[in-house]
$ cat input-v1.cif   # mmCIF, C-alpha atoms
data_start
#
loop_
_atom_site.label_atom_id
_atom_site.label_comp_id
_atom_site.auth_asym_id
_atom_site.auth_seq_id
_atom_site.Cartn_x
_atom_site.Cartn_y
_atom_site.Cartn_z
CA LYS A 34 236.85 -335.96 104.75
CA VAL A 35 234.31 -338.42 106.15
CA SER A 36 236.90 -341.05 107.09
CA GLY A 37 240.35 -342.23 106.08
CA ASN A 38 239.20 -343.60 102.71
CA LEU A 39 235.90 -341.73 102.23
CA THR A 40 235.70 -338.14 100.96
CA PHE A 41 232.67 -335.92 100.29
CA THR A 42 232.56 -332.74 98.21
CA GLY A 43 229.56 -330.57 97.44
CA THR A 44 228.68 -327.35 95.62
CA MET A 45 225.60 -325.16 95.54
CA LEU A 46 224.76 -322.28 93.19
CA TYR A 47 221.96 -319.74 93.15
CA GLY A 48 221.85 -317.22 90.32
CA ASP A 49 219.44 -314.48 89.35
CA TYR A 50 220.08 -313.12 85.85
CA ASN A 51 218.64 -310.32 83.74
CA LYS A 52 220.08 -310.28 80.22
CA ILE A 53 219.23 -308.48 77.02
CA TYR A 54 220.89 -308.39 73.62
CA VAL A 55 219.96 -306.59 70.42
CA ASN A 56 220.98 -307.32 66.86
CA VAL A 57 220.70 -305.55 63.52
CA PHE A 58 221.93 -307.90 60.82
CA ALA A 59 222.09 -308.52 57.09
CA ASN A 60 219.01 -310.47 55.99
CA GLY A 61 220.35 -311.36 52.56
CA ALA A 62 223.32 -311.02 50.26
CA ALA A 63 224.39 -307.69 48.76
CA THR A 64 223.01 -307.01 45.28
CA ALA A 65 226.50 -305.93 44.20
CA GLN A 66 229.86 -305.15 45.76
CA ASN A 67 228.72 -301.61 46.61
CA GLY A 68 225.00 -302.23 46.43
CA ALA A 69 222.23 -302.55 49.02
CA VAL A 70 221.89 -305.17 51.72
CA ALA A 71 218.51 -306.12 53.19
CA LEU A 72 218.36 -305.67 56.97
CA SER A 73 216.48 -307.22 59.86
CA SER A 74 216.62 -306.66 63.62
CA TYR A 75 215.48 -307.95 66.98
CA SER A 76 215.81 -307.50 70.74
CA ASP A 77 215.94 -310.52 73.05
CA PRO A 78 215.47 -309.89 76.82
CA THR A 79 215.61 -312.82 79.27
CA THR A 80 215.17 -313.06 83.02
CA ARG A 81 216.29 -316.30 84.66
CA GLU A 82 216.57 -317.80 88.14
CA ASN A 83 218.82 -320.84 88.66
CA PHE A 84 219.42 -323.21 91.54
CA ILE A 85 221.96 -326.05 91.18
CA ALA A 86 223.25 -328.42 93.86
CA GLN A 87 225.76 -331.25 93.44
CA GLY A 88 227.34 -333.76 95.84
CA ASN A 89 230.10 -336.33 95.26
CA LEU A 90 231.25 -339.18 97.49
CA MET A 91 234.66 -340.73 96.72
CA TRP A 92 235.53 -344.12 98.22
CA ASP A 93 238.97 -345.74 98.01
CA VAL A 94 238.74 -349.44 98.72
CA ALA A 95 240.61 -352.67 97.90
CA THR A 96 239.05 -356.04 97.04
CA GLY A 97 241.72 -358.70 96.91
CA PHE A 98 244.45 -357.58 94.49
CA LEU A 99 242.13 -354.95 92.92
CA GLU A 100 242.11 -351.33 94.02
CA HIS A 101 238.93 -349.29 93.46
CA LYS A 102 238.31 -345.56 93.35
CA ILE A 103 234.50 -345.41 93.40
CA LEU A 104 232.56 -342.20 92.77
CA PHE A 105 228.90 -341.72 93.71
CA GLY A 106 227.22 -338.48 92.72
CA LEU A 107 223.89 -336.65 92.70
CA GLU A 108 222.93 -333.41 90.98
CA TYR A 109 219.71 -331.39 91.08
CA GLY A 110 218.81 -328.18 89.31
CA ASN A 111 215.90 -325.88 88.57
CA GLN A 112 215.74 -323.06 86.03
CA GLN A 113 212.86 -320.63 85.67
CA SER A 114 212.99 -318.33 82.67
CA ALA A 115 210.95 -315.65 80.95
CA ASN A 116 211.98 -314.69 77.42
CA ARG A 117 210.65 -312.31 74.80
CA ARG A 118 211.75 -311.55 71.27
CA VAL A 119 210.83 -308.16 69.82
CA ASN A 120 211.49 -307.47 66.16
CA GLY A 121 212.62 -304.04 65.10
CA THR A 122 211.12 -301.49 62.74
CA LEU A 123 213.88 -299.90 60.66
CA SER A 124 213.78 -296.44 59.10
CA SER A 125 215.22 -298.12 56.00
CA SER A 126 214.91 -301.81 55.16
CA THR A 127 218.31 -301.78 53.43
CA PHE A 128 221.85 -300.64 54.11
CA ASN A 129 223.74 -299.05 51.21
CA LEU A 130 227.36 -300.20 51.14
CA ALA A 131 228.41 -297.15 49.12
CA THR A 132 226.94 -294.39 51.32
CA ARG A 133 227.17 -296.33 54.62
CA VAL A 134 224.26 -294.41 56.16
CA PHE A 135 222.93 -296.44 59.07
CA PRO A 136 219.13 -296.51 59.56
CA THR A 137 217.46 -295.98 62.93
CA VAL A 138 215.57 -298.81 64.61
CA ASN A 139 212.71 -299.15 67.09
CA PHE A 140 212.01 -302.51 68.73
CA ASN A 141 208.21 -302.63 68.82
CA VAL A 142 206.92 -305.83 67.14
CA LEU A 143 206.47 -308.74 69.56
CA ASN A 144 207.50 -312.04 67.95
CA ARG A 145 207.94 -314.43 70.90
CA ASN A 146 206.90 -314.52 74.54
CA THR A 147 207.50 -317.62 76.66
CA VAL A 148 207.86 -318.67 80.28
CA SER A 149 209.49 -322.00 81.11
CA ASP A 150 210.40 -324.12 84.12
CA VAL A 151 213.16 -326.74 83.77
CA GLU A 152 213.90 -329.32 86.46
CA PHE A 153 216.67 -331.88 86.15
CA PHE A 154 218.04 -334.64 88.33
CA SER A 155 221.13 -336.79 87.77
CA ALA A 156 222.63 -339.76 89.59
CA TYR A 157 225.90 -341.34 88.57
CA VAL A 158 228.39 -343.95 89.67
CA GLN A 159 231.89 -344.67 88.40
CA ASP A 160 234.55 -347.19 89.38
CA GLN A 161 238.21 -346.80 88.45
CA ILE A 162 239.75 -350.25 88.95
CA SER A 163 243.52 -350.65 89.15
CA LEU A 164 244.71 -353.99 87.73
CA GLY A 165 248.23 -353.88 89.08
CA SER A 166 250.57 -350.99 88.31
CA HIS A 167 250.04 -350.81 84.52
CA PHE A 168 246.30 -351.12 83.78
CA ASP A 169 243.22 -349.19 84.95
CA VAL A 170 239.63 -349.79 83.87
CA VAL A 171 237.06 -347.00 84.22
CA ALA A 172 233.36 -347.89 84.02
CA GLY A 173 230.36 -345.78 84.86
CA LEU A 174 226.65 -345.16 84.42
CA ARG A 175 224.75 -341.88 84.59
CA TYR A 176 220.99 -341.44 84.92
CA ASP A 177 219.46 -338.12 83.82
CA SER A 178 215.90 -336.90 84.18
CA PHE A 179 215.04 -333.70 82.32
CA ASP A 180 211.59 -332.15 82.71
CA ILE A 181 210.56 -328.93 80.93
CA GLY A 182 207.19 -327.21 81.05
CA GLY A 183 205.99 -323.78 80.14
CA VAL A 184 203.60 -321.59 78.22
CA ASP A 185 203.97 -319.92 74.84
CA LEU A 186 202.17 -316.60 75.42
CA PHE A 187 202.34 -315.52 71.79
CA PRO A 188 200.15 -315.34 69.77
CA ALA A 189 197.08 -314.38 71.79
CA ILE A 190 195.99 -317.96 72.65
CA ASP A 191 198.34 -319.33 75.31
CA ARG A 192 199.88 -322.67 74.28
CA PRO A 193 201.24 -324.85 77.07
CA PHE A 194 204.19 -327.12 76.26
CA ALA A 195 205.92 -329.91 78.18
CA ARG A 196 208.23 -332.86 77.73
CA LYS A 197 210.07 -335.22 80.05
CA ASP A 198 213.07 -337.38 79.13
CA ASP A 199 214.80 -340.07 81.18
CA LYS A 200 218.07 -341.50 79.88
CA ILE A 201 220.90 -343.74 81.07
CA SER A 202 224.33 -342.97 79.63
CA PRO A 203 227.23 -345.46 79.84
CA ARG A 204 230.95 -344.80 79.92
CA ILE A 205 233.87 -347.20 79.76
CA GLY A 206 237.60 -346.68 79.35
CA LEU A 207 240.93 -348.49 79.52
CA ILE A 208 244.21 -346.90 80.64
CA PHE A 209 247.61 -348.49 80.03
CA LYS A 210 250.70 -347.08 81.80
CA PRO A 211 253.88 -348.69 80.45
CA GLN A 212 255.89 -346.40 82.73
CA GLU A 213 255.17 -343.89 85.45
CA ASN A 214 255.12 -340.78 83.23
CA VAL A 215 253.46 -342.24 80.09
CA SER A 216 249.90 -343.47 79.64
CA PHE A 217 247.67 -344.56 76.75
CA TYR A 218 243.89 -344.69 76.92
CA SER A 219 240.75 -345.55 74.98
CA SER A 220 237.18 -344.64 75.89
CA TYR A 221 233.56 -344.95 74.82
CA SER A 222 230.73 -342.78 76.13
CA GLN A 223 227.19 -341.67 75.38
CA SER A 224 225.25 -338.53 76.28
CA PHE A 225 222.10 -336.75 75.15
CA LEU A 226 220.66 -333.26 74.66
CA PRO A 227 216.91 -332.72 75.26
CA ARG A 228 214.65 -330.84 72.84
CA SER A 229 214.10 -327.59 74.65
CA GLY A 230 214.93 -324.69 72.40
CA ASP A 231 217.79 -322.28 72.74
CA GLN A 232 219.02 -322.18 76.37
CA PHE A 233 216.16 -324.47 77.52
CA LEU A 234 213.54 -321.81 76.88
CA ALA A 235 210.79 -323.34 74.75
CA LEU A 236 209.41 -326.25 72.77
CA THR A 237 207.77 -325.92 69.38
CA PRO A 238 204.86 -328.27 68.56
CA SER A 239 207.15 -330.30 66.26
CA GLN A 240 209.97 -330.55 68.82
CA GLU A 241 207.70 -331.94 71.55
CA ASN A 242 207.47 -335.27 69.72
CA LEU A 243 211.16 -335.60 68.82
CA ALA A 244 213.58 -337.81 70.72
CA PRO A 245 216.61 -336.08 72.30
CA GLU A 246 219.79 -335.69 70.30
CA LYS A 247 222.17 -338.55 71.08
CA PHE A 248 225.96 -338.27 71.16
CA THR A 249 228.25 -341.29 70.95
CA ASN A 250 231.94 -340.55 71.45
CA TYR A 251 234.93 -342.81 70.72
CA GLU A 252 238.39 -341.64 71.74
CA ILE A 253 241.95 -342.93 71.95
CA GLY A 254 244.89 -340.95 73.22
CA ALA A 255 248.18 -340.66 75.05
CA LYS A 256 249.67 -338.49 77.78
CA TRP A 257 253.34 -337.89 78.44
CA ASN A 258 254.44 -336.14 81.62
CA ILE A 259 257.69 -334.73 80.28
CA ARG A 260 258.35 -333.40 83.77
CA SER A 261 256.18 -333.22 86.86
CA ASN A 262 255.05 -329.75 85.79
CA LEU A 263 254.99 -330.16 81.98
CA ASN A 264 252.78 -332.57 80.01
CA LEU A 265 251.93 -333.35 76.39
CA THR A 266 248.63 -334.96 75.36
CA LEU A 267 247.33 -336.37 72.07
CA ALA A 268 243.78 -337.56 71.33
CA LEU A 269 241.99 -338.96 68.28
CA PHE A 270 238.20 -338.92 68.44
CA GLN A 271 234.98 -339.65 66.59
CA LEU A 272 231.67 -338.10 67.61
CA ASP A 273 228.49 -339.58 66.11
CA ARG A 274 225.35 -337.52 66.59
CA SER A 275 221.86 -338.83 65.87
CA ASN A 276 218.55 -336.93 65.71
CA ALA A 277 220.76 -333.94 64.93
CA THR A 278 219.40 -330.50 64.15
CA THR A 279 221.06 -327.45 62.66
CA PRO A 280 219.93 -323.84 62.07
CA ASP A 281 218.17 -323.34 58.75
CA PRO A 282 220.74 -321.67 56.45
CA LEU A 283 218.08 -319.13 55.43
CA ASN A 284 216.25 -318.57 58.74
CA THR A 285 217.92 -318.23 62.14
CA LEU A 286 214.62 -318.90 63.95
CA VAL A 287 214.11 -322.36 62.43
CA SER A 288 216.02 -325.61 63.03
CA ILE A 289 216.04 -328.42 60.50
CA ASN A 290 216.53 -332.10 61.32
CA VAL A 291 219.50 -333.49 59.39
CA GLY A 292 219.54 -337.01 60.89
CA LYS A 293 223.00 -338.36 61.65
CA THR A 294 226.30 -336.49 61.60
CA ARG A 295 229.89 -337.56 62.20
CA THR A 296 232.83 -335.50 63.42
CA GLN A 297 236.33 -336.97 63.36
CA GLY A 298 239.44 -335.22 64.54
CA VAL A 299 242.66 -335.00 66.48
CA GLU A 300 243.77 -332.77 69.37
CA LEU A 301 247.29 -332.02 70.56
CA SER A 302 248.09 -329.93 73.64
CA LEU A 303 251.09 -328.86 75.69
CA ALA A 304 250.75 -327.36 79.16
CA GLY A 305 253.11 -326.53 82.00
CA GLN A 306 256.37 -324.85 82.91
CA ILE A 307 259.08 -324.55 80.25
CA THR A 308 261.33 -322.83 82.79
CA PRO A 309 260.58 -321.71 86.37
CA GLU A 310 259.61 -318.30 84.97
CA TRP A 311 257.93 -319.32 81.68
CA GLN A 312 254.52 -320.99 81.64
CA VAL A 313 252.87 -322.13 78.41
CA HIS A 314 249.51 -323.58 77.39
CA GLY A 315 248.97 -324.40 73.73
CA GLY A 316 246.99 -326.68 71.51
CA TYR A 317 245.97 -327.61 68.00
CA SER A 318 242.86 -329.40 66.76
CA TYR A 319 241.69 -330.75 63.42
CA GLN A 320 238.00 -331.56 62.86
CA ASP A 321 236.16 -332.99 59.88
CA ALA A 322 232.38 -332.73 60.37
CA VAL A 323 230.01 -334.12 57.74
CA LEU A 324 226.57 -335.58 57.28
CA ALA A 325 226.85 -339.31 57.99
CA GLY A 326 226.80 -341.28 54.75
CA ASN A 327 227.39 -338.17 52.63
CA ASP A 328 230.80 -336.62 53.26
CA THR A 329 230.22 -333.98 50.57
CA VAL A 330 227.73 -332.21 52.88
CA ARG A 331 229.81 -330.34 55.44
CA LEU A 332 228.44 -329.05 58.73
CA GLY A 333 228.43 -325.39 59.64
CA GLN A 334 230.23 -323.80 62.59
CA VAL A 335 233.08 -326.34 62.51
CA PRO A 336 236.46 -324.93 61.38
CA LYS A 337 238.82 -327.67 60.25
CA HIS A 338 241.86 -326.16 61.95
CA GLN A 339 242.12 -324.36 65.29
CA ALA A 340 245.30 -323.47 67.16
CA SER A 341 246.14 -321.38 70.19
CA ILE A 342 249.08 -320.72 72.47
CA TRP A 343 249.33 -318.66 75.65
CA ASN A 344 252.63 -317.69 77.25
CA ARG A 345 253.12 -316.15 80.67
CA TYR A 346 256.51 -314.96 81.87
CA ASN A 347 257.18 -313.88 85.46
CA PHE A 348 259.90 -311.22 85.47
CA THR A 349 259.85 -311.03 89.28
CA ASP A 350 257.91 -312.76 92.04
CA ALA A 351 255.31 -309.96 91.83
CA PHE A 352 255.26 -308.92 88.17
CA GLY A 353 254.49 -310.94 85.04
CA ALA A 354 253.20 -310.55 81.48
CA GLY A 355 251.44 -312.78 79.00
CA VAL A 356 250.85 -312.95 75.26
CA GLY A 357 248.77 -315.38 73.22
CA ILE A 358 247.75 -316.14 69.66
CA ILE A 359 244.49 -317.69 68.48
CA HIS A 360 244.07 -318.96 64.92
CA GLN A 361 240.95 -320.39 63.32
CA SER A 362 240.60 -321.59 59.73
CA SER A 363 237.64 -320.79 57.51
CA GLN A 364 234.26 -322.36 58.27
CA TYR A 365 230.80 -322.54 56.75
CA ALA A 366 228.17 -320.34 58.34
CA ALA A 367 225.58 -323.13 58.11
CA ILE A 368 225.32 -326.65 56.76
CA ARG A 369 226.73 -326.62 53.25
CA ALA A 370 223.59 -327.33 51.26
CA SER A 371 224.88 -325.71 48.07
CA ALA A 372 227.84 -323.89 46.55
CA ALA A 373 226.18 -320.62 47.66
CA THR A 374 226.70 -321.37 51.35
CA THR A 375 228.43 -318.49 53.12
CA GLN A 376 232.00 -319.15 54.23
CA LEU A 377 233.60 -317.22 57.09
CA PRO A 378 237.27 -316.41 56.41
CA SER A 379 240.11 -317.59 58.63
CA PHE A 380 241.53 -315.22 61.24
CA THR A 381 244.41 -314.81 63.69
CA ARG A 382 244.01 -312.79 66.89
CA VAL A 383 246.61 -311.68 69.45
CA ASP A 384 245.82 -311.17 73.15
CA ALA A 385 248.00 -309.90 76.00
CA ALA A 386 247.97 -309.49 79.78
CA ILE A 387 249.87 -307.96 82.68
CA TYR A 388 249.89 -309.43 86.22
CA TYR A 389 250.91 -307.79 89.47
CA GLU A 390 250.75 -309.31 92.94
CA VAL A 391 250.36 -306.57 95.52
CA SER A 392 250.47 -309.08 98.39
CA ASP A 393 249.56 -312.67 99.13
CA ALA A 394 245.95 -311.52 99.49
CA VAL A 395 245.60 -309.07 96.56
CA GLN A 396 246.39 -309.64 92.86
CA LEU A 397 245.84 -307.27 89.95
CA GLN A 398 245.40 -308.31 86.32
CA PHE A 399 244.87 -306.36 83.09
CA ASN A 400 243.86 -308.25 79.93
CA VAL A 401 243.77 -306.89 76.39
CA GLU A 402 241.81 -308.89 73.83
CA ASN A 403 242.49 -308.42 70.10
CA LEU A 404 245.63 -306.36 70.70
CA PHE A 405 246.03 -305.32 67.04
CA ASP A 406 242.30 -304.61 66.51
CA THR A 407 241.92 -307.31 63.86
CA SER A 408 238.61 -307.41 61.99
CA TYR A 409 237.23 -310.93 61.92
CA PHE A 410 234.03 -312.99 62.00
CA ALA A 411 233.87 -315.35 64.97
CA ASP A 412 230.71 -317.33 64.15
CA ALA A 413 227.28 -317.11 62.54
CA HIS A 414 223.61 -317.94 63.09
CA ASN A 415 222.95 -318.64 59.40
CA ASN A 416 224.18 -317.58 55.96
CA ASN A 417 223.30 -313.91 56.52
CA ASN A 418 223.36 -313.32 60.28
CA ILE A 419 227.13 -313.18 60.85
CA SER A 420 228.71 -312.34 64.22
CA THR A 421 231.70 -310.01 64.16
CA GLY A 422 234.61 -310.49 66.54
CA ALA A 423 235.05 -307.90 69.28
CA PRO A 424 237.46 -305.03 68.50
CA ILE A 425 240.36 -304.26 70.82
CA ASN A 426 239.08 -304.25 74.41
CA GLY A 427 240.49 -304.37 77.92
CA ARG A 428 239.46 -305.86 81.25
CA PHE A 429 240.88 -304.98 84.67
CA THR A 430 240.49 -307.54 87.48
CA VAL A 431 241.18 -307.33 91.20
CA ARG A 432 241.34 -310.57 93.22
CA ALA A 433 241.27 -310.42 96.99
CA LYS A 434 241.40 -313.23 99.57
CA PHE A 435 240.08 -312.77 103.08
#
$ encode --input "input-v1.cif" --output "structure tokens"
Amino acid sequence: KVSGNLTFTGTMLYGDYNKIYVNVFANGAATAQNGAVALSSYSDPTTRENFIAQGNLMWDVATGFLEHKILFGLEYGNQQSANRRVNGTLSSSTFNLATRVFPTVNFNVLNRNTVSDVEFFSAYVQDQISLGSHFDVVAGLRYDSFDIGGVDLFPAIDRPFARKDDKISPRIGLIFKPQENVSFYSSYSQSFLPRSGDQFLALTPSQENLAPEKFTNYEIGAKWNIRSNLNLTLALFQLDRSNATTPDPLNTLVSINVGKTRTQGVELSLAGQITPEWQVHGGYSYQDAVLAGNDTVRLGQVPKHQASIWNRYNFTDAFGAGVGIIHQSSQYAAIRASAATTQLPSFTRVDAAIYYEVSDAVQLQFNVENLFDTSYFADAHNNNNISTGAPINGRFTVRAKF
């Protein structure tokens, strides 16, 4: 705390990561129910070094009958990455659904090799103005500078790439509080996403000349504090996206520009204490995502219905247990360009957990994901490269405070 009405907070992160993932996937549809499926494969190793620093200054001040809560903030980050993609050579180019004999694979064909350096800087200011006891106005501006440079080392002739974007993003909102525990709000905001490949790794020659993707969000909602420790929220939103890209339904390595898209939806959530021993966090969302101006073309990776609920019950001061359910409706694997677009089926998954507090300084936790070992497909890269959900798995965590 700098002074009575001035507060400063800051965070700093340094991370050094070495990640690799491999994938053998269907590269086409099966010729018949028990026929052959074409296969493809790749390995994707990445090394990355991150540095991120952020500082916020909060100032509470009054001007006449107006009360202000003013936020000033700065953020700086640098990310240096090296990424390669190595395609695999399979002992068989197909997988037979009848015999289910899996081929062997060697990853030995270089397909991508890039190094990149990303530097970003942000400055933002926001003022929450109280107009008496019932109305608040929130207004803010954010400046972002995003600078990426690097070298594509494959093929043999090194190709340098670079792009810099500077954008100002506005935000404005109105909050109405008819009584202490009920509020209604409306908001408008803009943001952008630079052209910089997956995980800010690269720029293709065509991407270097494209403007960033722009997001414009409209939202209205309400919040009801049923009790001090239990609240219910409702939000209706519309997200308009321009300069939008989506994975090519037939090729996971290629993105296609689809222009403008629109996502409309509603979210409902409940969080807090039902009883002193029973804690709950649940929500439901509905989303309708289409190509703007053509609502018959649906976007991929957007399930219309999603719902989840997590319950934790403390049997004693030291021992508790939790159980949760996640449901997701069917979704298209990619933008629905034709009736042949792959559709991922809906699924319901159950998770559980056990908590034990050894002391004030040590807590133990055991989580089980997918308790009943449900087979499901979580998401997809395109019509053929489908990601399976994880089978039953457990994670044991120890938390200690010193």
$ atom_distance --input "input-v1.cif" --atom1 "atom CA of A:Ser224" --atom2 "atom CA of A:Asn264"
28.4 Å
$ closest_residue --input "input-v1.cif" --among "A:Ala366, A:Asp191, A:Gln334, A:Trp311" --to "A:Phe348" --atoms "all atoms listed in the file"
A:Trp311
$ atom_distance --input "input-v1.cif" --atom1 "atom CA of A:Phe405" --atom2 "atom CA of A:Arg382"
7.7 Å
$ closest_atom_pairs --input "input-v1.cif" --of "stretch 170-206 of chain A" --to "stretch 240-252 of chain A" --cutoff "8 Å" --atoms "only C-alpha atoms" --output "tab-separated table"
residue	atom	partner	partner_atom	distance
A:Phe194	CA	A:Glu241	CA	7.6
A:Ala195	CA	A:Glu241	CA	7.2
A:Arg196	CA	A:Glu241	CA	6.3
A:Asp198	CA	A:Pro245	CA	7.8
$ closest_residue --input "input-v1.cif" --among "A:Met91, A:Ile85, A:Ile181, A:Ala189" --to "A:Pro227" --atoms "all atoms listed in the file"
A:Ile181
$ resolve_selection --input "input-v1.cif" --expression "the PyMOL selection byres ((chain A and resi 121-126) around 6)" --output "PDB file with C-alpha atoms, in the frame of the given file"
ATOM      1  CA  ALA A  71     218.510-306.120  53.190  1.00  0.00           C
ATOM      2  CA  LEU A  72     218.360-305.670  56.970  1.00  0.00           C
ATOM      3  CA  SER A  74     216.620-306.660  63.620  1.00  0.00           C
ATOM      4  CA  TYR A  75     215.480-307.950  66.980  1.00  0.00           C
ATOM      5  CA  ASN A 120     211.490-307.470  66.160  1.00  0.00           C
ATOM      6  CA  THR A 127     218.310-301.780  53.430  1.00  0.00           C
ATOM      7  CA  PRO A 136     219.130-296.510  59.560  1.00  0.00           C
ATOM      8  CA  THR A 137     217.460-295.980  62.930  1.00  0.00           C
ATOM      9  CA  VAL A 138     215.570-298.810  64.610  1.00  0.00           C
ATOM     10  CA  ASN A 139     212.710-299.150  67.090  1.00  0.00           C
ATOM     11  CA  PHE A 140     212.010-302.510  68.730  1.00  0.00           C
ATOM     12  CA  ASN A 141     208.210-302.630  68.820  1.00  0.00           C
TER      13      ASN A 141
END
